[in-house]
>>> print(open('upload23.cif').read())   # mmCIF, C-alpha atoms
data_entry
#
loop_
_atom_site.label_atom_id
_atom_site.label_comp_id
_atom_site.auth_asym_id
_atom_site.auth_seq_id
_atom_site.Cartn_x
_atom_site.Cartn_y
_atom_site.Cartn_z
CA MET R 1 -57.86 38.96 49.21
CA LEU R 2 -60.65 36.44 49.64
CA LYS R 3 -61.34 35.70 53.30
CA ASP R 4 -64.50 33.66 53.04
CA MET R 5 -63.81 29.99 52.20
CA LYS R 6 -67.04 29.62 50.26
CA HIS R 7 -66.14 32.57 48.06
CA TYR R 8 -62.61 31.24 47.69
CA PHE R 9 -63.71 27.91 46.27
CA LEU R 10 -66.22 29.65 44.03
CA PHE R 11 -63.43 31.81 42.64
CA LEU R 12 -61.23 28.75 42.31
CA THR R 13 -63.79 27.16 40.04
CA PHE R 14 -63.30 29.93 37.49
CA THR R 15 -59.52 30.24 37.91
CA LEU R 16 -57.26 28.44 35.50
CA PHE R 17 -54.78 26.13 37.19
CA LEU R 18 -52.18 24.98 34.69
CA ALA R 19 -49.49 22.42 35.30
CA CYS R 20 -46.04 22.43 33.76
CA GLU R 21 -42.48 22.48 34.91
CA ARG R 22 -40.22 25.39 34.05
CA ILE R 23 -40.04 25.63 30.27
CA ASP R 24 -36.98 23.81 29.01
CA HIS R 25 -35.34 26.16 26.52
CA THR R 26 -32.33 23.89 25.99
CA GLY R 27 -31.59 23.21 22.36
CA GLN R 28 -34.06 25.73 20.99
CA ASN R 29 -32.48 27.94 18.39
CA PRO R 30 -34.01 31.40 17.92
CA ASP R 31 -32.14 32.06 14.71
CA VAL R 32 -33.05 29.00 12.64
CA ALA R 33 -34.12 30.97 9.59
CA ASN R 34 -30.94 33.02 9.62
CA GLN R 35 -28.89 29.83 9.48
CA SER R 36 -30.86 28.29 6.61
CA ARG R 37 -30.23 28.88 2.94
CA VAL R 38 -33.75 30.22 2.48
CA ALA R 39 -34.08 33.99 2.16
CA PRO R 40 -37.52 35.36 3.17
CA GLN R 41 -37.58 37.74 0.18
CA GLU R 42 -37.11 34.82 -2.22
CA VAL R 43 -39.99 32.94 -0.59
CA ALA R 44 -42.18 36.03 -1.03
CA ARG R 45 -41.13 36.29 -4.69
CA MET R 46 -41.83 32.58 -5.25
CA LEU R 47 -45.31 32.80 -3.70
CA SER R 48 -46.14 35.76 -5.94
CA SER R 49 -45.24 33.62 -8.97
CA LEU R 50 -47.71 30.84 -8.15
CA PRO R 51 -51.13 30.59 -9.87
CA LEU R 52 -52.92 31.06 -6.56
CA GLY R 53 -56.66 30.54 -6.47
CA ASP R 54 -59.49 30.75 -3.96
CA GLU R 55 -58.60 27.35 -2.49
CA GLN R 56 -55.02 28.32 -1.68
CA LEU R 57 -56.13 31.63 -0.15
CA ARG R 58 -58.63 29.71 1.98
CA GLU R 59 -55.91 27.27 3.09
CA VAL R 60 -53.73 30.08 4.44
CA TYR R 61 -56.76 31.71 6.05
CA ASP R 62 -57.76 28.41 7.72
CA ALA R 63 -54.29 27.99 9.17
CA VAL R 64 -53.85 31.50 10.57
CA CYS R 65 -57.39 31.38 11.95
CA ALA R 66 -56.55 28.11 13.73
CA SER R 67 -53.26 29.48 15.09
CA SER R 68 -55.02 32.55 16.45
CA GLY R 69 -57.71 30.43 18.06
CA ASN R 70 -55.02 28.31 19.71
CA GLY R 71 -53.50 31.34 21.41
CA TYR R 72 -50.69 32.08 18.94
CA ASP R 73 -50.00 34.79 16.38
CA GLU R 74 -51.82 34.92 13.03
CA GLU R 75 -49.37 32.52 11.39
CA TYR R 76 -48.97 29.51 9.09
CA THR R 77 -45.59 27.83 9.45
CA LEU R 78 -43.94 26.40 6.36
CA GLN R 79 -43.38 23.22 8.33
CA ASP R 80 -47.13 22.80 8.79
CA LEU R 81 -47.76 23.89 5.20
CA PHE R 82 -45.79 20.88 3.94
CA THR R 83 -46.78 18.32 6.59
CA VAL R 84 -50.42 19.10 7.50
CA PRO R 85 -51.89 21.64 5.04
CA GLY R 86 -54.24 24.11 6.68
CA ALA R 87 -53.05 23.31 10.21
CA GLY R 88 -52.47 26.10 12.66
CA VAL R 89 -49.79 26.22 15.34
CA GLY R 90 -51.06 24.06 18.18
CA ASP R 91 -53.37 21.95 16.01
CA LYS R 92 -53.31 18.21 16.37
CA ALA R 93 -52.55 16.31 13.18
CA THR R 94 -55.87 14.46 13.41
CA LYS R 95 -57.75 17.73 13.60
CA ALA R 96 -55.85 19.34 10.76
CA ALA R 97 -56.22 16.24 8.59
CA LYS R 98 -59.95 16.97 8.32
CA ARG R 99 -59.10 19.94 6.11
CA ASN R 100 -58.87 18.64 2.56
CA TYR R 101 -57.66 20.69 -0.38
CA LYS R 102 -57.68 19.48 -3.99
CA ILE R 103 -54.50 21.42 -4.73
CA PRO R 104 -52.80 22.36 -1.47
CA LEU R 105 -50.22 25.12 -1.51
CA LYS R 106 -47.43 22.60 -0.94
CA ASP R 107 -48.18 20.95 -4.31
CA MET R 108 -48.02 24.29 -6.11
CA ILE R 109 -44.69 25.06 -4.51
CA ALA R 110 -43.27 21.62 -5.28
CA ASN R 111 -44.34 21.91 -8.92
CA TYR R 112 -42.83 25.39 -9.16
CA LEU R 113 -39.48 24.28 -7.74
CA SER R 114 -39.31 21.19 -9.94
CA SER R 115 -40.23 23.05 -13.13
CA THR R 116 -38.27 26.24 -12.54
CA LYS R 117 -34.51 26.04 -12.79
CA ALA R 118 -34.02 29.18 -10.77
CA GLY R 119 -36.35 27.89 -8.08
CA GLY R 120 -34.44 24.65 -7.71
CA GLU R 121 -31.17 26.51 -7.41
CA LEU R 122 -32.49 28.74 -4.64
CA PHE R 123 -33.84 26.07 -2.28
CA SER R 124 -35.65 22.77 -2.09
CA VAL R 125 -38.92 21.71 -0.46
CA LYS R 126 -36.91 20.30 2.43
CA ASP R 127 -35.10 23.62 2.83
CA LEU R 128 -38.43 25.42 3.08
CA GLU R 129 -39.90 22.93 5.52
CA GLU R 130 -36.88 23.23 7.83
CA SER R 131 -36.36 26.97 7.41
CA GLY R 132 -38.29 28.13 10.49
CA LEU R 133 -40.18 30.58 8.28
CA GLN R 134 -43.92 31.21 8.18
CA LEU R 135 -46.68 33.23 6.55
CA TYR R 136 -47.91 35.93 8.91
CA TRP R 137 -51.29 37.46 8.09
CA PRO R 138 -52.16 40.34 10.45
CA TRP R 139 -55.81 41.40 10.58
CA TYR R 140 -56.77 38.22 8.72
CA ASP R 141 -60.21 38.47 10.30
CA LYS R 142 -61.01 41.47 8.06
CA TRP R 143 -60.55 39.42 4.87
CA ASP R 144 -63.57 39.54 2.55
CA GLY R 145 -63.00 35.97 1.39
CA SER R 146 -61.92 36.78 -2.15
CA SER R 147 -59.37 39.62 -2.31
CA TYR R 148 -55.82 38.61 -3.21
CA PRO R 149 -53.01 39.52 -0.82
CA ALA R 150 -49.92 41.63 -1.13
CA ILE R 151 -46.97 39.37 -0.30
CA THR R 152 -43.96 40.87 1.47
CA PHE R 153 -41.25 39.83 3.93
CA ASP R 154 -39.54 40.99 7.10
CA PRO R 155 -36.17 42.51 6.12
CA GLY R 156 -34.99 42.10 9.70
CA ASP R 157 -33.87 45.69 10.15
CA GLY R 158 -36.84 47.08 12.06
CA SER R 159 -38.38 48.73 8.99
CA LYS R 160 -41.94 50.03 9.28
CA SER R 161 -42.63 49.54 5.57
CA ASN R 162 -41.46 47.31 2.75
CA THR R 163 -42.06 46.56 -0.91
CA ALA R 164 -44.64 43.87 -1.62
CA PHE R 165 -46.00 41.89 -4.56
CA GLN R 166 -49.64 42.85 -4.92
CA LEU R 167 -51.64 40.03 -6.54
CA SER R 168 -54.90 40.47 -8.42
CA LYS R 169 -57.02 38.36 -10.74
CA ASN R 170 -57.20 39.48 -14.37
CA GLU R 171 -60.32 39.15 -16.52
CA ASP R 172 -58.85 36.09 -18.26
CA GLY R 173 -58.35 34.37 -14.89
CA SER R 174 -54.58 34.86 -14.77
CA ILE R 175 -52.87 36.44 -11.78
CA GLY R 176 -51.47 39.93 -12.16
CA VAL R 177 -48.58 41.15 -10.03
CA LYS R 178 -47.36 44.66 -9.30
CA GLU R 179 -44.99 46.04 -6.71
CA ILE R 180 -46.34 48.34 -4.02
CA VAL R 181 -45.20 49.62 -0.62
CA VAL R 182 -47.02 48.23 2.40
CA THR R 183 -47.23 49.73 5.90
CA GLU R 184 -49.00 48.64 9.06
CA ASP R 185 -51.90 50.94 8.25
CA TYR R 186 -52.21 49.33 4.83
CA ALA R 187 -52.07 45.82 6.35
CA SER R 188 -54.80 46.69 8.84
CA ALA R 189 -57.21 47.40 5.96
CA ASN R 190 -56.00 45.02 3.21
CA PRO R 191 -54.83 41.40 3.14
CA VAL R 192 -51.03 41.17 3.48
CA TRP R 193 -48.94 38.04 3.85
CA VAL R 194 -45.56 38.55 5.49
CA VAL R 195 -42.82 35.94 5.22
CA ASN R 196 -41.03 36.08 8.56
CA THR R 197 -39.52 33.90 11.27
CA ASN R 198 -41.65 31.86 13.63
CA ASP R 199 -40.96 32.68 17.29
CA ASP R 200 -43.70 30.98 19.30
CA ALA R 201 -44.52 27.53 17.88
CA ALA R 202 -41.99 25.83 20.18
CA TYR R 203 -43.96 26.89 23.26
CA THR R 204 -47.35 25.89 24.65
CA SER R 205 -49.78 28.79 24.69
CA ILE R 206 -51.98 29.74 27.63
CA GLU R 207 -55.03 28.75 25.57
CA LEU R 208 -53.72 25.21 24.98
CA LEU R 209 -52.76 24.87 28.64
CA ARG R 210 -56.30 25.94 29.53
CA ARG R 211 -57.75 23.21 27.30
CA GLU R 212 -55.44 20.61 28.81
CA ALA R 213 -56.60 21.64 32.27
CA ASP R 214 -60.27 21.53 31.26
CA SER R 215 -59.98 18.12 29.61
CA GLY R 216 -58.19 16.72 32.65
CA GLY R 217 -61.11 17.58 34.86
CA GLY R 218 -58.96 18.78 37.74
CA ALA R 219 -57.21 21.81 39.18
CA ILE R 220 -53.54 21.92 38.27
CA VAL R 221 -50.82 24.50 38.66
CA ILE R 222 -48.29 26.41 36.57
CA GLY R 223 -44.98 26.06 38.34
CA LYS R 224 -43.29 23.23 40.16
CA LYS R 225 -44.82 20.01 38.90
CA GLY R 226 -46.22 17.77 41.59
CA ALA R 227 -46.01 20.42 44.30
CA SER R 228 -47.99 19.41 47.37
CA VAL R 229 -49.09 21.11 50.55
CA SER R 230 -47.17 19.74 53.53
CA ALA R 231 -48.08 20.15 57.16
CA LEU R 232 -46.94 23.21 59.06
CA PRO R 233 -44.47 22.67 61.90
CA GLU R 234 -45.92 21.67 65.28
CA ASN R 235 -46.92 24.45 67.69
CA THR R 236 -47.55 26.79 64.76
CA LYS R 237 -49.79 29.70 65.61
CA SER R 238 -51.92 30.66 62.65
CA SER R 239 -54.95 32.83 62.09
CA GLY R 240 -56.15 30.45 59.39
CA ASP R 241 -54.76 32.42 56.46
CA SER R 242 -51.09 31.38 56.55
CA ILE R 243 -51.19 29.36 53.31
CA LYS R 244 -51.77 31.54 50.27
CA THR R 245 -51.79 31.13 46.51
CA LEU R 246 -50.49 33.87 44.20
CA VAL R 247 -52.45 34.20 40.96
CA ILE R 248 -51.92 36.39 37.88
CA LYS R 249 -55.46 37.25 36.81
CA ASP R 250 -54.97 39.31 33.65
CA PHE R 251 -52.34 40.93 31.44
CA THR R 252 -52.62 44.02 29.21
CA MET R 253 -50.02 45.09 26.63
CA MET R 254 -49.92 48.89 26.40
CA ARG R 255 -47.72 49.14 23.29
CA ASN R 256 -46.47 46.90 20.50
CA TYR R 257 -42.86 45.78 20.49
CA ASP R 258 -40.70 45.69 17.35
CA SER R 259 -41.80 46.23 13.75
CA TRP R 260 -45.19 44.99 12.54
CA LEU R 261 -43.35 42.93 9.92
CA CYS R 262 -42.01 40.78 12.77
CA GLY R 263 -45.50 39.94 14.03
CA GLY R 264 -47.06 40.22 17.45
CA SER R 265 -45.38 40.07 20.85
CA GLU R 266 -44.43 36.97 22.82
CA PHE R 267 -44.16 37.73 26.52
CA PHE R 268 -42.63 35.36 29.02
CA ILE R 269 -43.77 35.58 32.62
CA LYS R 270 -41.13 34.29 35.03
CA CYS R 271 -41.66 34.10 38.78
CA ALA R 272 -39.07 32.63 41.15
CA SER R 273 -40.00 31.71 44.70
CA VAL R 274 -39.64 29.17 47.48
CA GLU R 275 -42.88 27.23 47.60
CA ASN R 276 -44.15 25.11 50.47
CA PHE R 277 -41.61 26.64 52.90
CA THR R 278 -41.75 25.05 56.37
CA ALA R 279 -38.12 25.34 57.51
CA VAL R 280 -37.50 26.45 61.10
CA THR R 281 -33.68 26.14 61.13
CA GLU R 282 -30.93 27.33 58.80
CA ALA R 283 -30.00 23.70 58.11
CA GLU R 284 -33.55 22.99 56.93
CA MET R 285 -33.58 26.17 54.86
CA ARG R 286 -30.62 24.93 52.83
CA LEU R 287 -32.73 21.96 51.72
CA TYR R 288 -35.05 24.27 49.77
CA ASN R 289 -34.44 25.10 46.13
CA PRO R 290 -36.24 28.05 44.56
CA SER R 291 -38.62 27.11 41.75
CA VAL R 292 -39.26 29.16 38.61
CA THR R 293 -42.66 29.47 36.98
CA ASP R 294 -42.15 30.20 33.29
CA PHE R 295 -44.83 30.51 30.60
CA MET R 296 -45.64 32.43 27.43
CA ILE R 297 -48.40 34.92 26.64
CA CYS R 298 -48.77 35.76 22.94
CA VAL R 299 -50.47 39.13 22.26
CA GLN R 300 -51.46 40.04 18.72
CA ARG R 301 -50.74 43.57 17.48
CA LYS R 302 -54.41 44.49 17.27
CA ASP R 303 -54.80 43.77 20.99
CA VAL R 304 -52.90 46.80 22.30
CA GLY R 305 -54.74 47.94 25.42
CA VAL R 306 -56.99 44.85 25.41
CA LYS R 307 -57.04 42.88 28.67
CA GLN R 308 -56.00 39.24 28.29
CA GLU R 309 -57.57 36.92 30.85
CA ILE R 310 -54.82 34.67 32.26
CA ASN R 311 -55.95 33.27 35.65
CA ALA R 312 -52.85 31.17 36.29
CA ILE R 313 -51.04 30.37 39.51
CA LEU R 314 -47.55 31.81 40.00
CA VAL R 315 -46.89 30.51 43.52
CA ASP R 316 -49.04 27.61 44.66
CA ASP R 317 -48.09 27.60 48.33
CA TRP R 318 -46.98 30.96 49.72
CA ARG R 319 -46.24 30.13 53.37
CA HIS R 320 -46.02 32.65 56.20
CA TYR R 321 -46.57 31.57 59.79
CA MET R 322 -45.72 32.23 63.44
CA LEU R 323 -43.97 29.72 65.68
CA GLU R 324 -43.30 30.55 69.32
CA GLY R 325 -43.36 34.27 68.59
CA GLU R 326 -41.02 34.09 65.59
CA GLU R 327 -41.92 34.65 61.90
CA TYR R 328 -41.24 32.09 59.18
CA GLY R 329 -42.08 31.78 55.49
CA LEU R 330 -41.74 33.34 52.06
CA GLU R 331 -41.24 37.12 52.11
CA ARG R 332 -40.54 38.08 48.49
CA CYS R 333 -40.57 36.49 45.05
CA ALA R 334 -38.56 37.54 42.00
CA PHE R 335 -40.75 38.59 39.08
CA LEU R 336 -39.68 39.11 35.46
CA VAL R 337 -41.60 40.00 32.29
CA ILE R 338 -39.74 39.90 28.98
CA GLU R 339 -40.74 40.27 25.34
CA ASP R 340 -38.96 37.56 23.40
CA ASP R 341 -36.47 38.73 20.77
CA GLY R 342 -34.00 35.86 20.63
CA GLY R 343 -30.24 35.96 20.94
CA THR R 344 -27.86 33.90 23.05
CA TRP R 345 -28.89 32.50 26.40
CA THR R 346 -27.98 34.38 29.55
CA GLU R 347 -29.52 34.67 33.01
CA TRP R 348 -30.76 37.08 35.63
CA ALA R 349 -29.16 36.35 38.99
CA ILE R 350 -31.53 37.26 41.82
CA GLU R 351 -32.61 36.12 45.27
CA ALA R 352 -35.93 34.95 46.64
CA GLU R 353 -36.33 36.08 50.26
CA VAL R 354 -37.59 34.01 53.18
CA LYS R 355 -38.14 34.82 56.83
CA LEU R 356 -36.51 32.52 59.38
CA LYS R 357 -36.82 33.37 63.08
CA SER R 358 -37.88 36.89 62.08
CA LYS R 359 -34.66 37.37 60.07
CA THR R 360 -34.67 37.71 56.28
CA TYR R 361 -32.50 35.42 54.17
CA GLY R 362 -31.95 35.38 50.41
CA LEU R 363 -31.87 32.15 48.44
CA LYS R 364 -29.88 32.54 45.22
CA LEU R 365 -31.38 31.57 41.89
CA SER R 366 -31.09 32.37 38.20
CA ILE R 367 -33.83 33.07 35.68
CA PRO R 368 -33.07 32.32 31.99
CA LEU R 369 -33.48 34.95 29.30
CA ARG R 370 -31.85 35.82 25.98
CA SER R 371 -29.50 38.63 25.12
CA ASN R 372 -31.89 40.36 22.69
CA ASP R 373 -34.99 40.11 24.87
CA ASP R 374 -36.77 43.32 25.84
CA ILE R 375 -36.95 43.42 29.62
CA VAL R 376 -40.40 44.82 30.28
CA TRP R 377 -40.08 44.71 34.08
CA ARG R 378 -38.01 42.89 36.67
CA GLY R 379 -37.65 43.12 40.42
CA THR R 380 -38.89 41.56 43.64
CA LEU R 381 -42.43 41.77 44.99
CA SER R 382 -43.46 41.19 48.59
CA GLU R 383 -46.35 39.42 50.24
CA ASN R 384 -47.48 42.81 51.59
CA TYR R 385 -47.68 44.20 48.05
CA PHE R 386 -49.80 41.30 46.77
CA THR R 387 -52.07 41.49 49.81
CA LYS R 388 -52.55 45.26 49.68
CA TYR R 389 -53.17 45.47 45.93
CA ALA R 390 -54.95 42.15 45.38
CA GLY R 391 -57.41 42.48 42.51
CA GLU R 392 -56.10 45.91 41.44
CA ARG R 393 -54.42 46.47 38.08
CA GLY R 394 -50.83 47.67 38.36
CA ARG R 395 -48.40 49.07 35.80
CA PHE R 396 -45.19 47.11 35.16
CA GLY R 397 -43.26 48.91 32.45
CA ASP R 398 -45.37 48.82 29.30
CA VAL R 399 -47.80 46.17 30.54
CA GLU R 400 -50.52 46.19 33.17
CA ILE R 401 -51.08 43.18 35.41
CA THR R 402 -53.65 42.21 38.01
CA PHE R 403 -52.58 39.82 40.78
CA ASP R 404 -54.64 38.13 43.46
CA MET R 405 -53.59 36.43 46.68
CA LEU R 406 -56.01 33.61 47.47
CA THR R 407 -56.25 32.29 51.02
CA ARG R 408 -56.83 28.74 52.19
#
>>> encode(input="upload23.cif", output="structure tokens")
Amino acid sequence: MLKDMKHYFLFLTFTLFLACERIDHTGQNPDVANQSRVAPQEVARMLSSLPLGDEQLREVYDAVCASSGNGYDEEYTLQDLFTVPGAGVGDKATKAAKRNYKIPLKDMIANYLSSTKAGGELFSVKDLEESGLQLYWPWYDKWDGSSYPAITFDPGDGSKSNTAFQLSKNEDGSIGVKEIVVTEDYASANPVWVVNTNDDAAYTSIELLRREADSGGGAIVIGKKGASVSALPENTKSSGDSIKTLVIKDFTMMRNYDSWLCGGSEFFIKCASVENFTAVTEAEMRLYNPSVTDFMICVQRKDVGVKQEINAILVDDWRHYMLEGEEYGLERCAFLVIEDDGGTWTEWAIEAEVKLKSKTYGLKLSIPLRSNDDIVWRGTLSENYFTKYAGERGRFGDVEITFDMLTR
């Protein structure tokens, strides 16, 4: 814990303070592709039938490179493919529009569907654009700039391997196709495009939140939007460190979740607490509503064991103070880490604990999650824990996290 105010503000300069309310998941459908009439295997077959050239390979590479740089998986959504060719998830249309292709992939697909009877019977351009599908290119950064990919799809059954259409350029310039079996080891050494479902484009990545914070020129906070520091009650006895800020400094994934054909892992960090707590009576306590910090961390498969710098605030104002010999303030927060796998919406019912006249009370709250999500870790964590282990990496299920408790 940082005691010296000068050091505190120095640390604050390098800490990311991101502002957003709890993510609104209402209306988001995790199973869009399953409800569409577009089968991933047919999209893979169609792509293998196109006369792909260097320009189309570069378009897909540009898009997945942009997505990765924006804090998402190595992906190119079909929606972006048809609306802003070469755009990555998180790109602005004006930025993506600077990428010009003489024959973008969308034109090849449209020509194929209009000239092929079977193609038109399978699906339309609109079906593809609205399918929720994408091209996933793991280890794209190893591409030599010319090799043709093997094109496969996620069968959705957790398989570790699948058949793929291996493309190659013949001496006469035509594209040859043969079927092979691809595994994760193969994909880590050779270009492979996987047609699968997009899971993260609906959310704002940590990287984009960081850019928003930097461009705004000010310190802002993940959590309750507009939260402010109010005055402590009169006659409060404080040693000067009663107002604290809980920060998650870094996050390390220790194993991959799900099949490689699904893509990387999308983790949601959810922290429920009672911020800015200054109640001194039970009547005042009932005026407080727990707030939930909720944001996504996308970790690519190649980054197993690699520390991801986060530096985001979980609880802006962690109050604990003494008044006439009695203790008041936040005692425990509820903390949840999940790996997103979709399903129907449910909730985790839990309590955030506060101290009122040296007695502990629980304030009920619910944290949203989905029925298929992998629960990496959930439980309550105390102020004493964060203070004792500030700056030390701790193990929470299959991830490691470093917290810090900053004092002001």
>>> atom_distance(input="upload23.cif", atom1="atom CA of R:Ala312", atom2="atom CA of R:Glu339")
18.7 Å
>>> residues_around(input="upload23.cif", residues="R:Phe251", least_positions_apart="3", cutoff="10 Å", atoms="all atoms listed in the file", output="JSON, numbers by chain")
{"R": [248, 254, 297, 299, 305, 306, 307, 308, 309, 310, 311, 393, 394, 399, 400, 401, 402, 403]}
>>> atom_distance(input="upload23.cif", atom1="atom CA of R:Lys364", atom2="atom CA of R:Phe277")
15.2 Å
>>> atom_distance(input="upload23.cif", atom1="atom CA of R:Val125", atom2="atom CA of R:Gln166")
24.1 Å
>>> residues_around(input="upload23.cif", residues="R:Asn256", least_positions_apart="6", cutoff="9 Å", atoms="only C-alpha atoms", output="tab-separated table (two decimals) with C-alpha atoms, keeping the file's coordinate frame")
chain	number	residue	atom	x	y	z
R	264	GLY	CA	-47.06	40.22	17.45
R	265	SER	CA	-45.38	40.07	20.85
R	299	VAL	CA	-50.47	39.13	22.26
R	300	GLN	CA	-51.46	40.04	18.72
R	301	ARG	CA	-50.74	43.57	17.48
R	302	LYS	CA	-54.41	44.49	17.27
R	303	ASP	CA	-54.80	43.77	20.99
R	304	VAL	CA	-52.90	46.80	22.30
>>> residues_near_point(input="upload23.cif", point="(-50.1, 25.9, 15.7)", cutoff="6 Å", atoms="all atoms listed in the file", output="PyMOL selection string")
chain R and resi 67+88-91
>>> residues_near_point(input="upload23.cif", point="(-53.5, 23.6, 2.4)", cutoff="6 Å", atoms="all atoms listed in the file", output="JSON, numbers by chain")
{"R": [59, 85, 86, 101, 104, 105]}
>>> closest_residue(input="upload23.cif", among="R:Leu81, R:Met46, R:Ile206, R:Ile180", to="R:Ser68", atoms="all atoms listed in the file")
R:Ile206
>>> closest_residue(input="upload23.cif", among="R:Thr183, R:Asp294, R:Glu282, R:Arg319", to="R:Leu356", atoms="all atoms listed in the file")
R:Glu282
>>> resolve_selection(input="upload23.cif", expression="the PyMOL selection byres ((chain R and resi 375-387) around 6)", output="list in words")
Glu331, Arg332, Cys333, Ala334, Phe335, Leu336, Val337, Ile338, Asp374, Lys388, Tyr389, Ala390, Phe396 and Gly397 of chain R
>>> resolve_selection(input="upload23.cif", expression="the PyMOL selection byres ((chain R and resi 158) around 9)", output="ChimeraX atom specification")
/R:154-157,159-160,258-262
>>> resolve_selection(input="upload23.cif", expression="the PyMOL selection byres ((chain R and resi 143) around 9)", output="list of chain:residue names")
R:Tyr61, R:Trp139, R:Tyr140, R:Asp141, R:Lys142, R:Asp144, R:Gly145, R:Ser146, R:Ser147, R:Ala189, R:Asn190, R:Pro191
>>> closest_residue(input="upload23.cif", among="R:Ser205, R:Thr407, R:Ser174, R:Thr197", to="R:Leu50", atoms="all atoms listed in the file")
R:Ser174
>>> residues_around(input="upload23.cif", residues="R:Thr163", least_positions_apart="5", cutoff="10 Å", atoms="all atoms listed in the file", output="PDB file with C-alpha atoms, in the frame of the given file")
ATOM      1  CA  GLN R  41     -37.580  37.740   0.180  1.00  0.00           C
ATOM      2  CA  ALA R 150     -49.920  41.630  -1.130  1.00  0.00           C
ATOM      3  CA  ILE R 151     -46.970  39.370  -0.300  1.00  0.00           C
ATOM      4  CA  THR R 152     -43.960  40.870   1.470  1.00  0.00           C
ATOM      5  CA  PHE R 153     -41.250  39.830   3.930  1.00  0.00           C
ATOM      6  CA  GLU R 179     -44.990  46.040  -6.710  1.00  0.00           C
ATOM      7  CA  ILE R 180     -46.340  48.340  -4.020  1.00  0.00           C
ATOM      8  CA  VAL R 181     -45.200  49.620  -0.620  1.00  0.00           C
ATOM      9  CA  VAL R 182     -47.020  48.230   2.400  1.00  0.00           C
ATOM     10  CA  THR R 183     -47.230  49.730   5.900  1.00  0.00           C
TER      11      THR R 183
END
>>> decode(input="upload23.cif", residues="stretch 51-65 of chain R", atoms="N, CA and C atoms", output="PDB file, in the first residue's frame")
ATOM      1  N   PRO R  51     -11.419 -17.390 -56.037  1.00  0.00           N
ATOM      2  CA  PRO R  51     -10.087 -17.212 -56.635  1.00  0.00           C
ATOM      3  C   PRO R  51      -9.247 -16.217 -55.833  1.00  0.00           C
ATOM      4  N   LEU R  52      -8.962 -16.564 -54.589  1.00  0.00           N
ATOM      5  CA  LEU R  52      -8.260 -15.643 -53.699  1.00  0.00           C
ATOM      6  C   LEU R  52      -6.870 -15.313 -54.226  1.00  0.00           C
ATOM      7  N   GLY R  53      -6.488 -14.065 -54.027  1.00  0.00           N
ATOM      8  CA  GLY R  53      -5.166 -13.609 -54.414  1.00  0.00           C
ATOM      9  C   GLY R  53      -4.487 -12.902 -53.259  1.00  0.00           C
ATOM     10  N   ASP R  54      -3.310 -12.341 -53.528  1.00  0.00           N
ATOM     11  CA  ASP R  54      -2.538 -11.678 -52.479  1.00  0.00           C
ATOM     12  C   ASP R  54      -3.330 -10.558 -51.809  1.00  0.00           C
ATOM     13  N   GLU R  55      -4.127  -9.832 -52.598  1.00  0.00           N
ATOM     14  CA  GLU R  55      -4.865  -8.695 -52.044  1.00  0.00           C
ATOM     15  C   GLU R  55      -5.906  -9.153 -51.022  1.00  0.00           C
ATOM     16  N   GLN R  56      -6.590 -10.236 -51.312  1.00  0.00           N
ATOM     17  CA  GLN R  56      -7.607 -10.725 -50.377  1.00  0.00           C
ATOM     18  C   GLN R  56      -6.955 -11.294 -49.109  1.00  0.00           C
ATOM     19  N   LEU R  57      -5.825 -11.970 -49.262  1.00  0.00           N
ATOM     20  CA  LEU R  57      -5.114 -12.452 -48.080  1.00  0.00           C
ATOM     21  C   LEU R  57      -4.674 -11.280 -47.213  1.00  0.00           C
ATOM     22  N   ARG R  58      -4.189 -10.213 -47.868  1.00  0.00           N
ATOM     23  CA  ARG R  58      -3.749  -9.035 -47.129  1.00  0.00           C
ATOM     24  C   ARG R  58      -4.914  -8.360 -46.432  1.00  0.00           C
ATOM     25  N   GLU R  59      -6.089  -8.362 -47.043  1.00  0.00           N
ATOM     26  CA  GLU R  59      -7.273  -7.756 -46.419  1.00  0.00           C
ATOM     27  C   GLU R  59      -7.608  -8.451 -45.098  1.00  0.00           C
ATOM     28  N   VAL R  60      -7.625  -9.777 -45.123  1.00  0.00           N
ATOM     29  CA  VAL R  60      -7.931 -10.520 -43.895  1.00  0.00           C
ATOM     30  C   VAL R  60      -6.837 -10.277 -42.857  1.00  0.00           C
ATOM     31  N   TYR R  61      -5.601 -10.277 -43.292  1.00  0.00           N
ATOM     32  CA  TYR R  61      -4.487 -10.013 -42.376  1.00  0.00           C
ATOM     33  C   TYR R  61      -4.608  -8.627 -41.749  1.00  0.00           C
ATOM     34  N   ASP R  62      -4.918  -7.619 -42.565  1.00  0.00           N
ATOM     35  CA  ASP R  62      -5.078  -6.249 -42.049  1.00  0.00           C
ATOM     36  C   ASP R  62      -6.143  -6.197 -40.956  1.00  0.00           C
ATOM     37  N   ALA R  63      -7.247  -6.887 -41.193  1.00  0.00           N
ATOM     38  CA  ALA R  63      -8.364  -6.838 -40.248  1.00  0.00           C
ATOM     39  C   ALA R  63      -8.024  -7.523 -38.930  1.00  0.00           C
ATOM     40  N   VAL R  64      -7.452  -8.735 -38.997  1.00  0.00           N
ATOM     41  CA  VAL R  64      -7.146  -9.436 -37.745  1.00  0.00           C
ATOM     42  C   VAL R  64      -6.025  -8.718 -36.991  1.00  0.00           C
ATOM     43  N   CYS R  65      -5.112  -8.119 -37.723  1.00  0.00           N
ATOM     44  CA  CYS R  65      -4.046  -7.347 -37.094  1.00  0.00           C
ATOM     45  C   CYS R  65      -4.640  -6.159 -36.342  1.00  0.00           C
TER      46      CYS R  65
END
